$ cat coords.csv   # CSV, C-alpha atoms
chain,number,residue,atom,x,y,z
A,1,MET,CA,0.0,0.0,0.0
A,2,ARG,CA,1.4,3.4,-0.9
A,3,ALA,CA,1.8,6.2,1.6
A,4,THR,CA,-0.6,9.1,1.3
A,5,SER,CA,0.7,12.6,1.1
A,6,GLN,CA,-0.2,15.4,3.6
A,7,SER,CA,-2.3,17.0,0.9
A,8,GLU,CA,-4.2,13.7,0.3
A,9,ARG,CA,-4.8,13.2,4.0
A,10,SER,CA,-6.1,16.8,4.3
A,11,CYS,CA,-8.5,16.3,1.4
A,12,LEU,CA,-9.7,13.0,2.9
A,13,THR,CA,-10.2,14.7,6.3
A,14,ILE,CA,-12.2,17.6,4.8
A,15,VAL,CA,-14.3,15.3,2.6
A,16,SER,CA,-15.0,12.9,5.5
A,17,SER,CA,-16.1,15.8,7.6
A,18,MET,CA,-18.4,17.1,4.9
A,19,LEU,CA,-19.9,13.7,4.4
A,20,LEU,CA,-20.7,13.6,8.1
A,21,LEU,CA,-22.3,17.0,7.9
A,22,GLY,CA,-24.1,16.2,4.6
A,23,SER,CA,-22.6,19.1,2.7
A,24,VAL,CA,-20.3,17.5,0.1
A,25,SER,CA,-19.2,19.6,-2.8
A,26,THR,CA,-16.3,19.7,-5.2
A,27,LEU,CA,-13.1,21.0,-3.5
A,28,PRO,CA,-10.3,22.6,-5.4
A,29,GLY,CA,-7.2,20.4,-5.3
A,30,CYS,CA,-9.0,17.3,-4.0
A,31,SER,CA,-10.4,16.1,-7.4
A,32,LYS,CA,-8.4,13.6,-9.4
A,33,ALA,CA,-10.7,14.0,-12.4
A,34,LEU,CA,-9.2,15.4,-15.5
A,35,ASN,CA,-10.6,18.7,-16.9
A,36,ALA,CA,-11.8,18.9,-20.5
A,37,SER,CA,-8.3,20.0,-21.9
A,38,GLU,CA,-6.6,17.2,-20.0
A,39,GLN,CA,-9.1,14.7,-21.3
A,40,ARG,CA,-8.5,15.8,-24.8
A,41,GLY,CA,-4.8,15.7,-24.1
A,42,LYS,CA,-5.0,12.1,-22.8
A,43,ALA,CA,-6.8,11.0,-25.9
A,44,LEU,CA,-4.2,12.7,-28.2
A,45,TYR,CA,-1.4,11.3,-26.1
A,46,SER,CA,-2.8,7.8,-26.4
A,47,PHE,CA,-3.1,8.1,-30.2
A,48,ASN,CA,0.2,10.0,-30.9
A,49,CYS,CA,2.7,9.3,-28.1
A,50,TYR,CA,1.8,6.2,-26.1
A,51,GLU,CA,3.1,3.7,-28.6
A,52,CYS,CA,6.7,5.0,-28.3
A,53,HIS,CA,6.8,6.6,-24.8
A,54,GLU,CA,5.0,3.9,-22.9
A,55,GLU,CA,5.1,0.6,-24.7
A,56,ASN,CA,7.9,1.0,-27.3
A,57,GLN,CA,5.7,-1.3,-29.5
A,58,LEU,CA,7.7,-0.2,-32.6
A,59,GLY,CA,10.8,-2.0,-31.3
A,60,LEU,CA,13.0,1.1,-31.4
A,61,LEU,CA,16.6,0.5,-30.5
A,62,LYS,CA,16.8,3.6,-28.3
A,63,THR,CA,13.8,3.6,-26.0
A,64,PRO,CA,12.1,7.0,-25.7
A,65,PRO,CA,11.8,8.4,-22.2
A,66,LYS,CA,8.7,7.7,-20.1
A,67,LEU,CA,6.8,10.9,-19.6
A,68,HIS,CA,5.1,9.9,-16.3
A,69,ARG,CA,5.5,12.8,-13.8
A,70,LEU,CA,7.4,14.8,-16.4
A,71,PHE,CA,6.7,18.2,-14.9
A,72,SER,CA,7.2,17.0,-11.3
A,73,HIS,CA,10.9,17.0,-11.8
A,74,HIS,CA,13.0,20.1,-12.3
A,75,TYR,CA,14.7,18.6,-15.4
A,76,LEU,CA,13.5,16.6,-18.3
A,77,PRO,CA,14.7,13.0,-18.8
A,78,ASP,CA,17.9,14.2,-20.6
A,79,GLY,CA,19.0,15.6,-17.2
A,80,THR,CA,20.1,18.9,-18.6
A,81,THR,CA,16.9,20.7,-19.8
A,82,VAL,CA,14.6,22.5,-17.4
A,83,ALA,CA,11.0,21.1,-17.7
A,84,THR,CA,8.9,23.9,-19.1
A,85,ASP,CA,5.8,24.1,-21.2
A,86,GLU,CA,7.6,26.0,-23.9
A,87,TYR,CA,10.5,23.5,-24.2
A,88,VAL,CA,8.1,20.5,-24.3
A,89,ARG,CA,6.1,22.4,-27.0
A,90,GLN,CA,9.3,22.9,-29.1
A,91,VAL,CA,10.1,19.1,-28.9
A,92,ILE,CA,6.6,18.2,-29.9
A,93,VAL,CA,6.5,20.7,-32.8
A,94,TYR,CA,10.1,20.2,-34.1
A,95,GLY,CA,11.0,16.7,-32.8
A,96,LYS,CA,14.2,15.7,-31.2
A,97,ARG,CA,16.7,13.0,-32.2
A,98,THR,CA,14.5,10.0,-33.2
A,99,MET,CA,11.3,11.7,-32.2
A,100,PRO,CA,9.4,12.9,-35.2
A,101,ALA,CA,8.1,16.5,-35.6
A,102,PHE,CA,4.4,16.9,-35.1
A,103,ASN,CA,4.3,20.3,-36.8
A,104,GLY,CA,1.3,20.3,-39.1
A,105,ARG,CA,0.1,17.0,-37.6
A,106,LEU,CA,-1.2,18.6,-34.4
A,107,THR,CA,-2.7,22.0,-33.9
A,108,SER,CA,-1.5,24.5,-31.3
A,109,ASP,CA,-4.6,23.8,-29.2
A,110,GLN,CA,-4.0,20.0,-29.4
A,111,ILE,CA,-0.4,20.5,-28.2
A,112,ASP,CA,-1.7,22.7,-25.4
A,113,ASP,CA,-4.0,19.8,-24.4
A,114,ILE,CA,-1.2,17.3,-24.5
A,115,ILE,CA,0.9,19.5,-22.3
A,116,ALA,CA,-2.0,20.0,-19.9
A,117,TYR,CA,-2.3,16.2,-19.7
A,118,LEU,CA,1.4,15.7,-19.1
A,119,HIS,CA,1.1,18.1,-16.1
A,120,ARG,CA,-1.3,15.6,-14.6
A,121,LYS,CA,0.2,12.3,-15.9

$ encode --input "coords.csv" --output "C-alpha cells"
Amino acid sequence: MRATSQSERSCLTIVSSMLLLGSVSTLPGCSKALNASEQRGKALYSFNCYECHEENQLGLLKTPPKLHRLFSHHYLPDGTTVATDEYVRQVIVYGKRTMPAFNGRLTSDQIDDIIAYLHRK
C-alpha cells in the first residue's frame, strides 16, 4: 500500500467531515478528475505518443523516455533541460533526435491539451 501525502490526507479529512455534515461539494485540489483540456490531451497522447513513450511497440533501438510525472521533476529525462511548457512544446513541434516532428500534424490547441495532460500524468 502506498503512503498518502499530507495533501491527500487533508482532502480526505475535509471530505470525510463534509460527508458527516451532509454538505459534500467539489473541493479545489481534491479532485483527481481530468478537466476537458486534460481529457483531450489524454486521448491525443494515447493516439500519438503512447506507442513509443509507454510501450515501445515499434521495437525502437533507443527507447524514448517515459513521460510519467514529467513536470514534477525540475529537469527533463535528458537531465540537462529544465522542464517547461515551452520546451516541451518545441520538442513536440520540431521533434528531437529520433522523435518525429508533429508540426502540421497537431494544432497548437492540441499541443496545449497534451501539455496539460502531461502536467497531470

$ atom_distance --input "coords.csv" --atom1 "CA of Ala83 in chain A" --atom2 "CA of Phe71 in chain A"
5.9 Å

$ closest_residue --input "coords.csv" --among "A:Leu118, A:Leu44, A:Leu61, A:Ala33" --to "Arg105 in chain A" --atoms "all atoms listed in the file"
A:Leu44

$ atom_distance --input "coords.csv" --atom1 "CA of Cys49 in chain A" --atom2 "CA of Gly95 in chain A"
12.1 Å

$ residues_around --input "coords.csv" --residues "Met99 in chain A" --least-positions-apart "3" --cutoff "10 Å" --atoms "only C-alpha atoms" --output "number ranges by chain"
A: 49, 52, 64, 91-92, 94-96, 102

$ closest_residue --input "coords.csv" --among "A:Thr63, A:Thr80, A:Gln110, A:Thr98" --to "Phe47 in chain A" --atoms "all atoms listed in the file"
A:Gln110

$ residues_around --input "coords.csv" --residues "Ile111 in chain A" --least-positions-apart "4" --cutoff "9 Å" --atoms "all atoms listed in the file" --output "CSV table (one decimal) with C-alpha atoms, keeping the file's coordinate frame"
chain,number,residue,atom,x,y,z
A,41,GLY,CA,-4.8,15.7,-24.1
A,44,LEU,CA,-4.2,12.7,-28.2
A,89,ARG,CA,6.1,22.4,-27.0
A,92,ILE,CA,6.6,18.2,-29.9
A,93,VAL,CA,6.5,20.7,-32.8
A,106,LEU,CA,-1.2,18.6,-34.4
A,107,THR,CA,-2.7,22.0,-33.9
A,115,ILE,CA,0.9,19.5,-22.3
A,116,ALA,CA,-2.0,20.0,-19.9

$ axis_aligned_box --input "coords.csv" --around "range 32-47 of chain A" --padding-each-side "4 Å" --output "lines of an AutoDock Vina configuration file"
center_x = -6.6
center_y = 13.9
center_z = -19.8
size_x = 18.4
size_y = 20.2
size_z = 28.8

$ residues_near_point --input "coords.csv" --point "(14.7, 19.8, -22.5)" --cutoff "10 Å" --atoms "only C-alpha atoms" --output "PDB file with C-alpha atoms, keeping the file's coordinate frame"
ATOM      1  CA  TYR A  75      14.700  18.600 -15.400  1.00  0.00           C
ATOM      2  CA  LEU A  76      13.500  16.600 -18.300  1.00  0.00           C
ATOM      3  CA  PRO A  77      14.700  13.000 -18.800  1.00  0.00           C
ATOM      4  CA  ASP A  78      17.900  14.200 -20.600  1.00  0.00           C
ATOM      5  CA  GLY A  79      19.000  15.600 -17.200  1.00  0.00           C
ATOM      6  CA  THR A  80      20.100  18.900 -18.600  1.00  0.00           C
ATOM      7  CA  THR A  81      16.900  20.700 -19.800  1.00  0.00           C
ATOM      8  CA  VAL A  82      14.600  22.500 -17.400  1.00  0.00           C
ATOM      9  CA  ALA A  83      11.000  21.100 -17.700  1.00  0.00           C
ATOM     10  CA  THR A  84       8.900  23.900 -19.100  1.00  0.00           C
ATOM     11  CA  ASP A  85       5.800  24.100 -21.200  1.00  0.00           C
ATOM     12  CA  GLU A  86       7.600  26.000 -23.900  1.00  0.00           C
ATOM     13  CA  TYR A  87      10.500  23.500 -24.200  1.00  0.00           C
ATOM     14  CA  VAL A  88       8.100  20.500 -24.300  1.00  0.00           C
ATOM     15  CA  GLN A  90       9.300  22.900 -29.100  1.00  0.00           C
ATOM     16  CA  VAL A  91      10.100  19.100 -28.900  1.00  0.00           C
ATOM     17  CA  LYS A  96      14.200  15.700 -31.200  1.00  0.00           C
TER      18      LYS A  96
END

$ residues_near_point --input "coords.csv" --point "(5.9, 13.3, -12.3)" --cutoff "9 Å" --atoms "all atoms listed in the file" --output "ChimeraX atom specification"
/A:67-73,118-121

$ write_last_selection --input "coords.csv" --atoms "C-alpha atoms" --output "PDB file, in the frame of the given file"
ATOM      1  CA  LEU A  67       6.800  10.900 -19.600  1.00  0.00           C
ATOM      2  CA  HIS A  68       5.100   9.900 -16.300  1.00  0.00           C
ATOM      3  CA  ARG A  69       5.500  12.800 -13.800  1.00  0.00           C
ATOM      4  CA  LEU A  70       7.400  14.800 -16.400  1.00  0.00           C
ATOM      5  CA  PHE A  71       6.700  18.200 -14.900  1.00  0.00           C
ATOM      6  CA  SER A  72       7.200  17.000 -11.300  1.00  0.00           C
ATOM      7  CA  HIS A  73      10.900  17.000 -11.800  1.00  0.00           C
ATOM      8  CA  LEU A 118       1.400  15.700 -19.100  1.00  0.00           C
ATOM      9  CA  HIS A 119       1.100  18.100 -16.100  1.00  0.00           C
ATOM     10  CA  ARG A 120      -1.300  15.600 -14.600  1.00  0.00           C
ATOM     11  CA  LYS A 121       0.200  12.300 -15.900  1.00  0.00           C
TER      12      LYS A 121
END

$ atom_distance --input "coords.csv" --atom1 "CA of Leu34 in chain A" --atom2 "CA of His53 in chain A"
20.5 Å

$ closest_residue --input "coords.csv" --among "A:Glu38, A:Asn56, A:Asn48, A:Lys62" --to "Arg97 in chain A" --atoms "only C-alpha atoms"
A:Lys62
